[in-house]
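Listing of start.cif, mmCIF, C-alpha atoms and all ligand atoms
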data_data
loop_
_atom_site.label_atom_id
_atom_site.label_comp_id
_atom_site.auth_asym_id
_atom_site.auth_seq_id
_atom_site.Cartn_x
_atom_site.Cartn_y
_atom_site.Cartn_z
CA MET A 1461 37.40 19.47 -5.04
CA ALA A 1462 38.99 20.73 -8.20
CA CYS A 1463 39.42 17.39 -9.99
CA GLU A 1464 36.26 16.35 -11.78
CA ARG A 1465 37.07 12.67 -11.46
CA THR A 1466 37.05 12.64 -7.65
CA ALA A 1467 33.47 11.46 -7.02
CA THR A 1468 33.64 8.55 -9.46
CA LEU A 1469 37.15 7.64 -8.45
CA VAL A 1470 36.32 7.44 -4.74
CA ALA A 1471 33.15 5.44 -5.46
CA ASP A 1472 35.03 3.10 -7.80
CA TYR A 1473 37.59 2.47 -5.09
CA PHE A 1474 34.85 0.88 -2.96
CA ASP A 1475 33.27 -1.02 -5.83
CA THR A 1476 33.90 -4.74 -5.58
CA ALA A 1477 33.00 -5.08 -9.25
CA LEU A 1478 35.96 -2.93 -10.34
CA GLY A 1479 38.37 -4.81 -12.60
CA ALA A 1480 42.10 -5.13 -11.93
CA GLN A 1481 43.00 -2.84 -14.84
CA GLN A 1482 40.60 -0.12 -13.72
CA ARG A 1483 41.95 -0.38 -10.18
CA GLN A 1484 45.45 0.04 -11.52
CA ALA A 1485 44.42 3.18 -13.44
CA LEU A 1486 42.71 4.49 -10.34
CA GLN A 1487 45.85 4.12 -8.27
CA GLU A 1488 47.98 5.77 -10.92
CA HIS A 1489 45.66 8.75 -11.01
CA THR A 1490 45.68 9.08 -7.22
CA GLN A 1491 49.48 9.19 -7.21
CA GLN A 1492 49.39 12.23 -9.48
CA CYS A 1493 46.26 14.01 -8.23
CA ALA A 1494 46.40 15.56 -4.76
CA ASP A 1495 42.66 16.29 -4.73
CA CYS A 1496 41.74 12.68 -5.32
CA ALA A 1497 44.40 11.37 -2.95
CA LEU A 1498 43.04 13.50 -0.11
CA ALA A 1499 39.40 12.73 -0.88
CA LEU A 1500 40.14 9.02 -1.01
CA GLU A 1501 42.00 9.11 2.28
CA GLN A 1502 39.05 10.85 3.98
CA ALA A 1503 36.52 8.52 2.40
CA ARG A 1504 38.44 5.47 3.62
CA HIS A 1505 38.40 6.88 7.12
CA THR A 1506 34.66 7.54 7.01
CA HIS A 1507 34.09 4.07 5.58
CA ALA A 1508 36.13 2.52 8.37
CA GLN A 1509 34.18 4.45 11.01
CA LEU A 1510 30.90 3.17 9.63
CA LEU A 1511 32.20 -0.38 9.75
CA ARG A 1512 32.74 -0.03 13.48
CA TRP A 1513 29.05 -0.71 13.80
CA GLN A 1514 28.52 -3.58 16.24
CA PRO A 1515 25.91 -6.03 14.93
CA GLN A 1516 22.92 -6.28 17.25
CA SER A 1517 21.09 -9.52 17.83
CA VAL A 1518 17.48 -9.74 16.76
CA PRO A 1519 14.96 -9.37 19.57
CA ALA A 1520 12.31 -12.09 19.93
CA TRP A 1521 9.83 -11.85 17.11
CA SER A 1522 7.12 -14.05 15.68
CA ARG A 1523 8.75 -14.76 12.30
CA VAL A 1524 5.51 -14.10 10.46
CA PRO A 1525 4.29 -15.29 8.10
CA LEU A 1526 3.80 -18.54 9.88
CA PRO A 1527 4.41 -21.95 8.31
CA ALA A 1528 1.86 -23.81 6.20
CA VAL A 1529 3.10 -22.33 2.94
CA GLN A 1530 1.00 -24.67 0.86
CA GLU A 1531 -1.07 -27.54 2.12
CA PRO A 1532 -1.08 -30.61 -0.11
CA PRO A 1533 -4.39 -30.83 -1.99
CA ARG A 1534 -7.08 -32.45 0.10
CA ARG A 1535 -7.95 -35.92 -1.19
CA LEU A 1536 -11.63 -36.73 -1.30
CA ARG A 1537 -12.44 -39.93 0.51
CA TRP A 1538 -14.77 -42.24 -1.35
CA THR A 1539 -17.74 -43.19 0.78
CA TRP A 1540 -20.70 -45.40 0.08
CA TRP A 1541 -22.95 -42.52 -0.91
CA GLN A 1542 -20.63 -41.51 -3.70
CA TRP A 1543 -20.96 -44.96 -5.24
CA ALA A 1544 -24.72 -45.12 -4.73
CA PRO A 1545 -25.77 -43.17 -7.85
CA LEU A 1546 -23.57 -45.37 -10.03
CA ALA A 1547 -25.00 -48.53 -8.44
CA VAL A 1548 -28.53 -47.25 -9.04
CA SER A 1549 -27.66 -46.50 -12.65
CA CYS A 1550 -26.38 -50.05 -13.14
CA MET A 1551 -29.48 -51.52 -11.60
CA LEU A 1552 -31.69 -49.44 -13.86
CA ALA A 1553 -29.74 -50.52 -16.91
CA LEU A 1554 -29.96 -54.15 -15.81
CA ALA A 1555 -33.68 -53.73 -15.29
CA VAL A 1556 -34.00 -52.44 -18.82
CA VAL A 1557 -32.00 -55.34 -20.25
CA LEU A 1558 -33.98 -57.96 -18.33
CA ASN A 1559 -37.19 -56.13 -19.06
CA VAL A 1560 -38.31 -56.18 -15.46
CA GLN A 1561 -41.89 -55.22 -14.81
CA VAL A 1562 -42.66 -53.68 -11.49
CA SER A 1563 -46.27 -53.06 -10.68
CA THR A 1564 -48.37 -52.50 -7.64
CA GLY A 1565 -51.82 -53.91 -7.52
CA VAL A 1566 -54.29 -55.19 -5.00
CA GLN A 1567 -51.95 -58.10 -4.25
CA GLY A 1568 -49.21 -55.63 -3.38
CA LEU A 1569 -45.87 -55.27 -5.15
CA SER A 1570 -45.20 -57.74 -7.94
CA ILE A 1571 -42.17 -58.18 -10.16
CA ARG A 1572 -42.17 -59.90 -13.53
CA PHE A 1573 -39.30 -60.66 -15.92
CA GLY A 1574 -39.55 -60.85 -19.69
CA ALA A 1575 -41.85 -59.27 -22.19
CA ALA A 1576 -45.13 -58.00 -20.98
CA PRO A 1577 -48.19 -56.87 -22.92
CA SER A 1578 -47.85 -53.29 -21.79
CA VAL A 1579 -45.60 -50.98 -19.86
CA ASP A 1580 -47.24 -48.68 -17.41
CA MET A 1581 -45.36 -45.55 -18.34
CA ALA A 1582 -47.17 -43.34 -15.87
CA GLN A 1583 -46.24 -45.66 -13.05
CA LEU A 1584 -42.58 -45.78 -14.11
CA GLU A 1585 -42.57 -41.99 -14.36
CA ALA A 1586 -43.96 -41.68 -10.86
CA ARG A 1587 -41.41 -44.14 -9.46
CA LEU A 1588 -38.53 -42.28 -11.06
CA ALA A 1589 -39.82 -38.97 -9.78
CA ALA A 1590 -40.06 -40.39 -6.28
CA PHE A 1591 -36.56 -41.78 -6.64
CA ASP A 1592 -35.31 -38.37 -7.77
CA ALA A 1593 -36.72 -36.68 -4.72
CA GLN A 1594 -35.33 -39.34 -2.43
CA GLN A 1595 -31.86 -39.05 -3.95
CA GLN A 1596 -31.82 -35.31 -3.67
CA ALA A 1597 -32.86 -35.36 -0.03
CA ALA A 1598 -30.25 -38.01 0.78
CA LEU A 1599 -27.51 -36.07 -1.00
CA GLN A 1600 -28.40 -32.89 0.80
CA THR A 1601 -28.32 -34.54 4.21
CA LEU A 1602 -25.02 -36.20 3.43
CA THR A 1603 -23.44 -33.04 2.12
CA GLN A 1604 -24.44 -31.21 5.27
CA THR A 1605 -23.21 -33.98 7.54
CA LEU A 1606 -19.90 -34.14 5.75
CA MET A 1607 -19.44 -30.41 5.77
CA GLN A 1608 -20.18 -30.31 9.46
CA GLN A 1609 -17.63 -33.05 10.02
CA GLN A 1610 -15.08 -31.24 7.87
CA SER A 1611 -15.63 -28.05 9.80
CA ASN A 1612 -15.11 -29.87 13.11
CA ASP A 1613 -11.94 -31.45 11.77
CA ASN A 1614 -10.65 -28.02 10.74
CA ALA A 1615 -11.49 -26.54 14.12
CA ARG A 1616 -9.57 -29.32 15.86
CA LEU A 1617 -6.64 -28.91 13.50
CA MET A 1618 -6.65 -25.18 14.08
CA GLU A 1619 -6.64 -25.60 17.85
CA ALA A 1620 -3.74 -28.02 17.67
CA MET A 1621 -1.75 -25.72 15.40
CA ILE A 1622 -2.38 -22.64 17.53
CA ASP A 1623 -1.24 -24.58 20.59
CA GLY A 1624 1.91 -25.53 18.72
CA VAL A 1625 2.56 -21.98 17.65
CA ILE A 1626 2.10 -20.60 21.17
CA GLU A 1627 4.42 -23.22 22.51
CA GLN A 1628 7.04 -22.30 19.93
CA LEU A 1629 6.79 -18.57 20.53
CA GLY A 1630 6.77 -18.82 24.28
CA ASP A 1631 6.28 -15.15 25.01
CA SER A 1632 3.77 -14.68 22.25
CA THR A 1633 2.09 -11.32 22.23
CA ALA A 1634 -1.64 -10.88 21.87
CA ARG A 1635 -1.03 -9.28 18.51
CA SER A 1636 0.75 -12.22 16.94
CA LEU A 1637 -1.87 -14.61 18.30
CA GLU A 1638 -4.53 -12.53 16.64
CA GLN A 1639 -2.63 -12.78 13.37
CA VAL A 1640 -2.48 -16.54 13.71
CA ILE A 1641 -6.19 -16.82 14.35
CA ALA A 1642 -7.06 -14.48 11.51
CA TYR A 1643 -4.85 -16.47 9.16
CA PHE A 1644 -6.41 -19.81 10.02
CA GLU A 1645 -9.91 -18.39 9.97
CA SER A 1646 -9.42 -17.21 6.42
CA GLN A 1647 -7.90 -20.56 5.40
CA ARG A 1648 -10.85 -22.42 6.92
CA GLU A 1649 -13.31 -20.18 5.13
CA GLN A 1650 -11.65 -20.87 1.78
CA ASP A 1651 -11.54 -24.60 2.41
CA LEU A 1652 -15.22 -24.73 3.28
CA GLN A 1653 -16.20 -22.82 0.18
CA LEU A 1654 -14.10 -25.08 -1.99
CA LEU A 1655 -15.53 -28.19 -0.39
CA GLN A 1656 -19.10 -26.97 -0.75
CA ALA A 1657 -18.55 -26.26 -4.43
CA SER A 1658 -17.04 -29.68 -5.11
CA TYR A 1659 -19.79 -31.55 -3.28
CA GLN A 1660 -22.38 -29.66 -5.27
CA GLN A 1661 -20.59 -30.44 -8.51
CA LEU A 1662 -20.38 -34.11 -7.63
CA ALA A 1663 -24.05 -34.26 -6.71
CA ASP A 1664 -25.02 -32.49 -9.95
CA SER A 1665 -22.96 -34.74 -12.20
CA ASP A 1666 -24.27 -37.97 -10.66
CA TYR A 1667 -27.77 -36.69 -10.81
CA ALA A 1668 -27.30 -36.04 -14.52
CA THR A 1669 -26.23 -39.67 -14.98
CA ILE A 1670 -29.45 -40.91 -13.41
CA ARG A 1671 -31.50 -38.70 -15.70
CA SER A 1672 -29.82 -40.05 -18.82
CA VAL A 1673 -30.23 -43.69 -17.80
CA GLU A 1674 -33.83 -42.92 -17.15
CA GLN A 1675 -34.17 -41.53 -20.67
CA LEU A 1676 -32.45 -44.63 -22.04
CA ALA A 1677 -34.90 -46.82 -20.17
CA MET A 1678 -37.82 -44.99 -21.74
CA LEU A 1679 -36.35 -45.24 -25.24
CA VAL A 1680 -35.78 -48.97 -24.91
CA GLN A 1681 -39.30 -49.45 -23.66
CA GLY A 1682 -40.65 -47.47 -26.60
CA GLY A 1683 -41.79 -44.43 -24.70
CA GLN A 1684 -41.00 -40.81 -25.52
CA PRO A 1685 -37.94 -39.42 -23.74
CA MET B 1036 27.66 -26.96 0.11
CA SER B 1037 28.23 -23.19 -0.13
CA LEU B 1038 26.07 -20.71 1.73
CA ALA B 1039 24.30 -19.77 -1.50
CA GLU B 1040 23.65 -23.43 -2.29
CA GLN B 1041 22.29 -23.95 1.20
CA ASP B 1042 19.97 -21.00 0.65
CA ASP B 1043 18.80 -22.47 -2.65
CA ALA B 1044 18.10 -25.83 -1.02
CA LEU B 1045 16.13 -24.15 1.78
CA ILE B 1046 14.14 -22.10 -0.72
CA ARG B 1047 13.20 -25.21 -2.71
CA ALA B 1048 12.09 -26.98 0.45
CA ALA B 1049 10.15 -23.94 1.65
CA LEU B 1050 8.36 -23.71 -1.70
CA GLU B 1051 7.38 -27.35 -1.35
CA GLY B 1052 5.72 -26.44 1.93
CA SER B 1053 8.41 -27.09 4.53
CA ALA B 1054 7.80 -24.70 7.41
CA ARG B 1055 11.12 -25.74 8.93
CA ALA B 1056 13.05 -24.76 5.83
CA TRP B 1057 11.36 -21.35 5.78
CA ASP B 1058 12.13 -20.85 9.45
CA GLN B 1059 15.79 -21.72 8.87
CA LEU B 1060 16.01 -19.45 5.87
CA VAL B 1061 14.66 -16.55 7.93
CA ARG B 1062 17.00 -17.27 10.83
CA ARG B 1063 20.02 -17.28 8.51
CA HIS B 1064 19.31 -13.77 7.27
CA GLU B 1065 17.37 -12.02 9.99
CA THR B 1066 20.37 -10.57 11.81
CA GLN B 1067 21.60 -8.92 8.63
CA VAL B 1068 18.15 -7.57 7.82
CA TYR B 1069 17.57 -6.41 11.39
CA ASN B 1070 20.85 -4.48 11.49
CA PHE B 1071 20.09 -3.01 8.07
CA SER B 1072 16.72 -1.86 9.46
CA LEU B 1073 18.28 -0.56 12.64
CA ARG B 1074 20.75 1.63 10.77
CA LEU B 1075 18.02 2.92 8.48
CA THR B 1076 15.26 3.63 10.97
CA GLY B 1077 17.44 4.47 13.96
CA ASN B 1078 15.32 2.67 16.55
CA PRO B 1079 14.53 -0.96 17.46
CA THR B 1080 10.74 -0.69 17.21
CA ASP B 1081 10.67 0.59 13.65
CA ALA B 1082 13.56 -1.71 12.77
CA LEU B 1083 11.49 -4.71 13.82
CA ASP B 1084 8.55 -3.44 11.79
CA LEU B 1085 10.71 -2.96 8.72
CA MET B 1086 12.30 -6.39 9.13
CA GLN B 1087 8.87 -8.02 9.29
CA GLU B 1088 7.81 -6.16 6.16
CA VAL B 1089 10.92 -7.39 4.39
CA PHE B 1090 10.37 -11.05 5.26
CA LEU B 1091 6.70 -10.80 4.40
CA GLY B 1092 7.79 -9.52 0.99
CA VAL B 1093 10.30 -12.33 0.64
CA TYR B 1094 7.65 -14.88 1.61
CA ARG B 1095 5.17 -13.57 -0.93
CA ASN B 1096 7.71 -13.43 -3.75
CA LEU B 1097 9.74 -16.53 -2.97
CA HIS B 1098 8.31 -18.39 -5.97
CA ARG B 1099 9.69 -15.63 -8.19
CA PHE B 1100 13.26 -16.11 -7.00
CA ARG B 1101 15.11 -17.49 -10.03
CA GLY B 1102 18.50 -18.16 -8.54
CA ASP B 1103 20.33 -16.09 -11.18
CA ALA B 1104 21.35 -13.68 -8.41
CA GLN B 1105 22.42 -14.62 -4.91
CA PHE B 1106 19.54 -14.88 -2.50
CA SER B 1107 21.06 -12.22 -0.23
CA THR B 1108 21.25 -9.75 -3.13
CA TRP B 1109 17.67 -10.51 -4.05
CA LEU B 1110 16.68 -10.15 -0.39
CA PHE B 1111 18.22 -6.68 -0.16
CA ARG B 1112 16.44 -5.66 -3.32
CA ILE B 1113 13.21 -6.30 -1.43
CA ALA B 1114 14.62 -4.67 1.70
CA HIS B 1115 15.50 -1.53 -0.28
CA ASN B 1116 11.99 -1.24 -1.69
CA LYS B 1117 10.37 -1.86 1.68
CA ALA B 1118 12.52 0.85 3.23
CA ILE B 1119 11.43 3.31 0.54
CA ASP B 1120 7.78 2.28 1.10
CA MET B 1121 8.14 2.81 4.83
CA GLY B 1122 9.79 6.18 4.30
CA ARG B 1123 6.78 7.24 2.23
CA ARG B 1124 4.17 5.85 4.57
CA ARG B 1125 5.79 6.85 7.85
CA PRO B 1126 8.27 9.65 7.12
CA GLN B 1127 8.64 10.39 10.85
CA CYS B 1128 10.23 7.01 11.61
CA MET B 1129 12.82 7.45 8.87
CA SER B 1130 13.79 10.95 9.94
CA LEU B 1131 16.70 12.27 11.90
CA ASP B 1132 14.49 13.41 14.79
CA SER B 1133 13.54 9.94 15.95
CA VAL B 1134 17.18 8.87 15.86
CA LEU B 1135 18.42 11.88 17.76
CA ASP B 1136 15.75 11.57 20.42
CA GLU B 1137 16.93 8.09 21.27
CA ALA B 1138 20.64 8.41 20.67
CA GLY B 1139 21.37 12.05 21.27
CA ASP B 1140 21.16 12.30 25.04
CA GLN B 1141 23.35 9.38 25.97
CA VAL B 1142 26.00 10.28 23.41
CA GLU B 1143 26.03 13.91 24.60
CA THR B 1144 26.58 12.82 28.19
CA ARG B 1145 29.36 10.53 27.11
CA TRP B 1146 31.16 13.25 25.18
CA GLN B 1147 31.08 15.53 28.24
CA GLN B 1148 32.78 12.82 30.27
CA LEU B 1149 35.37 12.43 27.54
CA ASP B 1150 36.06 16.17 27.48
CA ASP B 1151 36.93 15.93 31.14
CA ALA B 1152 39.48 13.23 30.43
CA PRO B 1153 41.16 14.34 27.19
CA GLU B 1154 44.17 12.09 27.49
CA GLN B 1155 42.09 9.01 26.75
CA ASP B 1156 41.27 7.82 23.24
CA PRO B 1157 37.73 9.06 22.60
CA GLN B 1158 36.91 6.29 20.17
CA ALA B 1159 37.95 3.56 22.55
CA MET B 1160 35.84 5.15 25.27
CA LEU B 1161 32.63 4.75 23.38
CA ASP B 1162 30.85 1.57 24.22
CA GLU B 1163 29.15 -0.53 21.62
CA ARG B 1164 25.72 0.97 22.10
CA GLN B 1165 26.93 4.53 22.02
CA ARG B 1166 28.99 3.98 18.91
CA ASN B 1167 26.01 2.43 17.17
CA ALA B 1168 23.80 5.29 18.30
CA LEU B 1169 26.24 7.75 16.81
CA ILE B 1170 26.38 5.93 13.48
CA GLN B 1171 22.58 5.80 13.44
CA ALA B 1172 22.38 9.51 14.12
CA GLN B 1173 24.88 10.30 11.37
CA MET B 1174 23.18 8.02 8.87
CA GLY B 1175 19.84 9.50 9.91
CA ALA B 1176 21.03 12.93 8.86
CA LEU B 1177 21.22 11.76 5.24
CA PRO B 1178 18.25 11.80 2.87
CA LEU B 1179 16.81 8.29 2.65
CA GLU B 1180 18.11 7.62 -0.89
CA GLN B 1181 21.68 8.51 0.13
CA ARG B 1182 21.34 6.53 3.35
CA LEU B 1183 20.31 3.51 1.31
CA VAL B 1184 23.23 3.86 -1.08
CA VAL B 1185 25.65 3.96 1.86
CA GLU B 1186 23.92 1.03 3.53
CA LEU B 1187 23.89 -1.16 0.42
CA LYS B 1188 27.45 -0.27 -0.56
CA VAL B 1189 29.22 -0.26 2.81
CA PHE B 1190 27.30 -2.93 4.70
CA GLN B 1191 25.79 -5.14 2.00
CA SER B 1192 28.57 -4.86 -0.62
CA LEU B 1193 26.22 -4.43 -3.56
CA THR B 1194 27.84 -3.13 -6.73
CA PHE B 1195 26.99 0.33 -8.07
CA GLU B 1196 25.31 -1.36 -11.02
CA GLU B 1197 23.00 -3.18 -8.64
CA ILE B 1198 22.31 -0.06 -6.58
CA ALA B 1199 21.65 1.96 -9.73
CA GLU B 1200 19.11 -0.59 -10.90
CA LEU B 1201 17.34 -0.50 -7.53
CA GLN B 1202 17.08 3.26 -7.42
CA ASP B 1203 16.32 3.52 -11.12
CA ILE B 1204 19.28 5.81 -11.76
CA SER B 1205 22.51 5.51 -13.76
CA ALA B 1206 25.57 3.91 -12.18
CA ASN B 1207 27.31 7.28 -12.33
CA THR B 1208 24.51 8.97 -10.39
CA ALA B 1209 24.73 6.17 -7.80
CA LYS B 1210 28.46 6.85 -7.47
CA THR B 1211 27.94 10.59 -7.06
CA ARG B 1212 25.22 9.92 -4.50
CA PHE B 1213 27.59 7.67 -2.59
CA TYR B 1214 30.39 10.23 -2.64
CA THR B 1215 28.08 13.06 -1.56
CA ALA B 1216 26.83 10.91 1.32
CA LEU B 1217 30.38 10.05 2.45
CA ARG B 1218 31.36 13.71 2.51
CA ARG B 1219 28.28 14.59 4.51
CA LEU B 1220 29.07 11.78 6.97
CA LYS B 1221 32.65 12.97 7.29
CA ALA B 1222 31.44 16.46 8.22
CA LEU B 1223 29.05 15.00 10.78
CA MET B 1224 31.75 12.81 12.28
CA GLU B 1225 34.09 15.77 12.67
CA GLN B 1226 31.26 17.70 14.29
CA ASP B 1227 30.88 14.73 16.69
CA HIS B 1228 34.34 15.27 18.18
CA GLY B 1229 36.54 13.80 15.53
CA MET B 1230 35.18 10.31 15.45
ZN ZN A 1701 41.78 13.60 -9.45
#

If you took the structure in this file and wrote it as structure tokens, what would it be?
Ligand SMILES: [Zn+2]
Amino acid sequence: MACERTATLVADYFDTALGAQQRQALQEHTQQCADCALALEQARHTHAQLLRWQPQSVPAWSRVPLPAVQEPPRRLRWTWWQWAPLAVSCMLALAVVLNVQVSTGVQGLSIRFGAAPSVDMAQLEARLAAFDAQQQAALQTLTQTLMQQQSNDNARLMEAMIDGVIEQLGDSTARSLEQVIAYFESQREQDLQLLQASYQQLADSDYATIRSVEQLAMLVQGGQP
Amino acid sequence: MSLAEQDDALIRAALEGSARAWDQLVRRHETQVYNFSLRLTGNPTDALDLMQEVFLGVYRNLHRFRGDAQFSTWLFRIAHNKAIDMGRRRPQCMSLDSVLDEAGDQVETRWQQLDDAPEQDPQAMLDERQRNALIQAQMGALPLEQRLVVELKVFQSLTFEEIAELQDISANTAKTRFYTALRRLKALMEQDHGM
């Protein structure tokens, strides 16, 4: 091609972004330039041949990635054990206000209200320590039970979803099923880790509340925190 | 609601977690992406792989779609990059050989039959599959960058500005690349009995 404008001119001809004025100039040039006229004619033919492509329909495929883009954040259900530390704190505070005396003697457990000649600090300390241990054990058991339950729930959910997916795919291949399982496995793993962390945090924070009320009780009763 | 607006609505719903919206969005565009992949790779197996890669990319980047371009343009931006990736990772499935292996034999047989009956219009004699196979073979003879320019210009109607941005070249280079590719295709078509 002798004309140096040919390449750009032919390309511009097929550019949908070309303005009306530029298209006009293009046509004027083609009328005067045999090189460009011929090149354009051939390019149009080639272009038309390409467009004879017959669109093919998509074979069955699994449309990965599968749904479940984002699950709504899981809402923690409030159960009795989550309120328990707060209730205990309130009771302790009330005990301090009412100046309740708890003592064990030969007559067994006895409770007295009002001022008393002395506070058995060692005994209170021991009681609180025992309470601490009890709370921790209870929290641990509950956390485990709940996590077990959560894990069962997830397993059931996963089964149901896999069933749904298989039903939808019909001729699902072993490969896509593996992808589904791998996906849900990883989701479940993340969920469990998250849950474990939040239970631990909750247990820690409530435990800290008990400790501070305990310190308050000692201060009010004149002991050293 | 225009097609682009429908796409936007589906994208919003998909981002809010609607699996149905995502499924619909994929179904609306999969034929276009599959045919794009078929012309680029030259065979259905690799085309399916490439299409899956493209939609995986779309899925992962959906939250980045800003709506300043049409979704289909944005989609083919991803498709272009995935095709380049695939060409680097698996050069054999983006090469002429794989196309010719599949398409060559049947087209060759067909042309022999046509030579025996010269009075008939050769183009009309080609059935759909053979014509596609021929186009695949001709496209497959081009270097991947040129093949992509032809694909995005002829079949996806992107502008040269858009193609230039994708290939990180100037608009003028994109135009030259397009023209070079067309001339190469013309030669190949003449070689293939004046298609
Ligand atoms: Zn000229």

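The closest residue to chain A, picked from B:Ile1046, B:Leu1091, B:Leu1097, B:Ala1206 and counting all atoms listed in the file, is B:Leu1091.
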
Surroundings of ligand ZN 1701 (chain A) up to 6 Å, based on all atoms listed in the file, as number ranges by chain
A: 1463, 1465-1466, 1493, 1495-1496

Take the residues just selected and output them with C-alpha atoms as a compact mmCIF listing (two decimals), in the coordinates of the input.
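So the final result, stored in result-v5.txt, reads:
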# COMPACT_ATOMS: atom_id res chain seq x y z
CA CYS A 1463 39.42 17.39 -9.99
CA ARG A 1465 37.07 12.67 -11.46
CA THR A 1466 37.05 12.64 -7.65
CA CYS A 1493 46.26 14.01 -8.23
CA ASP A 1495 42.66 16.29 -4.73
CA CYS A 1496 41.74 12.68 -5.32

Can you build me a table of chain A residues sitting at most 10 Å from chain B, with the closest atom pair per residue and its distance in Å to one decimal, using all atoms listed in the file, sorted by chain and residue number, as JSON lines?
{"residue": "A:Thr1466", "atom": "CA", "partner": "B:Tyr1214", "partner_atom": "CA", "distance": 8.7}
{"residue": "A:Ala1467", "atom": "CA", "partner": "B:Tyr1214", "partner_atom": "CA", "distance": 5.5}
{"residue": "A:Thr1468", "atom": "CA", "partner": "B:Lys1210", "partner_atom": "CA", "distance": 5.8}
{"residue": "A:Leu1469", "atom": "CA", "partner": "B:Lys1210", "partner_atom": "CA", "distance": 8.8}
{"residue": "A:Val1470", "atom": "CA", "partner": "B:Tyr1214", "partner_atom": "CA", "distance": 6.9}
{"residue": "A:Ala1471", "atom": "CA", "partner": "B:Lys1210", "partner_atom": "CA", "distance": 5.3}
{"residue": "A:Asp1472", "atom": "CA", "partner": "B:Lys1210", "partner_atom": "CA", "distance": 7.6}
{"residue": "A:Phe1474", "atom": "CA", "partner": "B:Lys1188", "partner_atom": "CA", "distance": 7.9}
{"residue": "A:Asp1475", "atom": "CA", "partner": "B:Thr1194", "partner_atom": "CA", "distance": 5.9}
{"residue": "A:Thr1476", "atom": "CA", "partner": "B:Thr1194", "partner_atom": "CA", "distance": 6.4}
{"residue": "A:Ala1477", "atom": "CA", "partner": "B:Thr1194", "partner_atom": "CA", "distance": 6.1}
{"residue": "A:Leu1478", "atom": "CA", "partner": "B:Thr1194", "partner_atom": "CA", "distance": 8.9}
{"residue": "A:Ala1499", "atom": "CA", "partner": "B:Arg1218", "partner_atom": "CA", "distance": 8.8}
{"residue": "A:Leu1500", "atom": "CA", "partner": "B:Tyr1214", "partner_atom": "CA", "distance": 10.0}
{"residue": "A:Gln1502", "atom": "CA", "partner": "B:Lys1221", "partner_atom": "CA", "distance": 7.5}
{"residue": "A:Ala1503", "atom": "CA", "partner": "B:Leu1217", "partner_atom": "CA", "distance": 6.3}
{"residue": "A:Arg1504", "atom": "CA", "partner": "B:Leu1217", "partner_atom": "CA", "distance": 9.3}
{"residue": "A:His1505", "atom": "CA", "partner": "B:Lys1221", "partner_atom": "CA", "distance": 8.4}
{"residue": "A:Thr1506", "atom": "CA", "partner": "B:Lys1221", "partner_atom": "CA", "distance": 5.8}
{"residue": "A:His1507", "atom": "CA", "partner": "B:Val1189", "partner_atom": "CA", "distance": 7.1}
{"residue": "A:Ala1508", "atom": "CA", "partner": "B:Val1189", "partner_atom": "CA", "distance": 9.3}
{"residue": "A:Gln1509", "atom": "CA", "partner": "B:Met1230", "partner_atom": "CA", "distance": 7.4}
{"residue": "A:Leu1510", "atom": "CA", "partner": "B:Ile1170", "partner_atom": "CA", "distance": 6.5}
{"residue": "A:Leu1511", "atom": "CA", "partner": "B:Phe1190", "partner_atom": "CA", "distance": 7.5}
{"residue": "A:Arg1512", "atom": "CA", "partner": "B:Arg1166", "partner_atom": "CA", "distance": 7.7}
{"residue": "A:Trp1513", "atom": "CA", "partner": "B:Asn1167", "partner_atom": "CA", "distance": 5.5}
{"residue": "A:Gln1514", "atom": "CA", "partner": "B:Glu1163", "partner_atom": "CA", "distance": 6.2}
{"residue": "A:Pro1515", "atom": "CA", "partner": "B:Asn1070", "partner_atom": "CA", "distance": 6.3}
{"residue": "A:Gln1516", "atom": "CA", "partner": "B:Asn1070", "partner_atom": "CA", "distance": 6.4}
{"residue": "A:Ser1517", "atom": "CA", "partner": "B:Thr1066", "partner_atom": "CA", "distance": 6.2}
{"residue": "A:Val1518", "atom": "CA", "partner": "B:Thr1066", "partner_atom": "CA", "distance": 5.8}
{"residue": "A:Pro1519", "atom": "CA", "partner": "B:Leu1083", "partner_atom": "CA", "distance": 8.2}
{"residue": "A:Ala1520", "atom": "CA", "partner": "B:Leu1083", "partner_atom": "CA", "distance": 9.6}
{"residue": "A:Trp1521", "atom": "CA", "partner": "B:Leu1083", "partner_atom": "CA", "distance": 8.0}
{"residue": "A:Ser1522", "atom": "CA", "partner": "B:Gln1087", "partner_atom": "CA", "distance": 9.0}
{"residue": "A:Arg1523", "atom": "CA", "partner": "B:Gln1087", "partner_atom": "CA", "distance": 7.4}
{"residue": "A:Val1524", "atom": "CA", "partner": "B:Leu1091", "partner_atom": "CA", "distance": 7.0}
{"residue": "A:Pro1525", "atom": "CA", "partner": "B:Leu1091", "partner_atom": "CA", "distance": 6.3}
{"residue": "A:Leu1526", "atom": "CA", "partner": "B:Ala1054", "partner_atom": "CA", "distance": 7.7}
{"residue": "A:Pro1527", "atom": "CA", "partner": "B:Ala1054", "partner_atom": "CA", "distance": 4.5}
{"residue": "A:Ala1528", "atom": "CA", "partner": "B:Ala1054", "partner_atom": "CA", "distance": 6.1}
{"residue": "A:Val1529", "atom": "CA", "partner": "B:Gly1052", "partner_atom": "CA", "distance": 5.0}
{"residue": "A:Gln1530", "atom": "CA", "partner": "B:Gly1052", "partner_atom": "CA", "distance": 5.2}
{"residue": "A:Glu1531", "atom": "CA", "partner": "B:Gly1052", "partner_atom": "CA", "distance": 6.9}
{"residue": "A:Pro1532", "atom": "CA", "partner": "B:Gly1052", "partner_atom": "CA", "distance": 8.2}
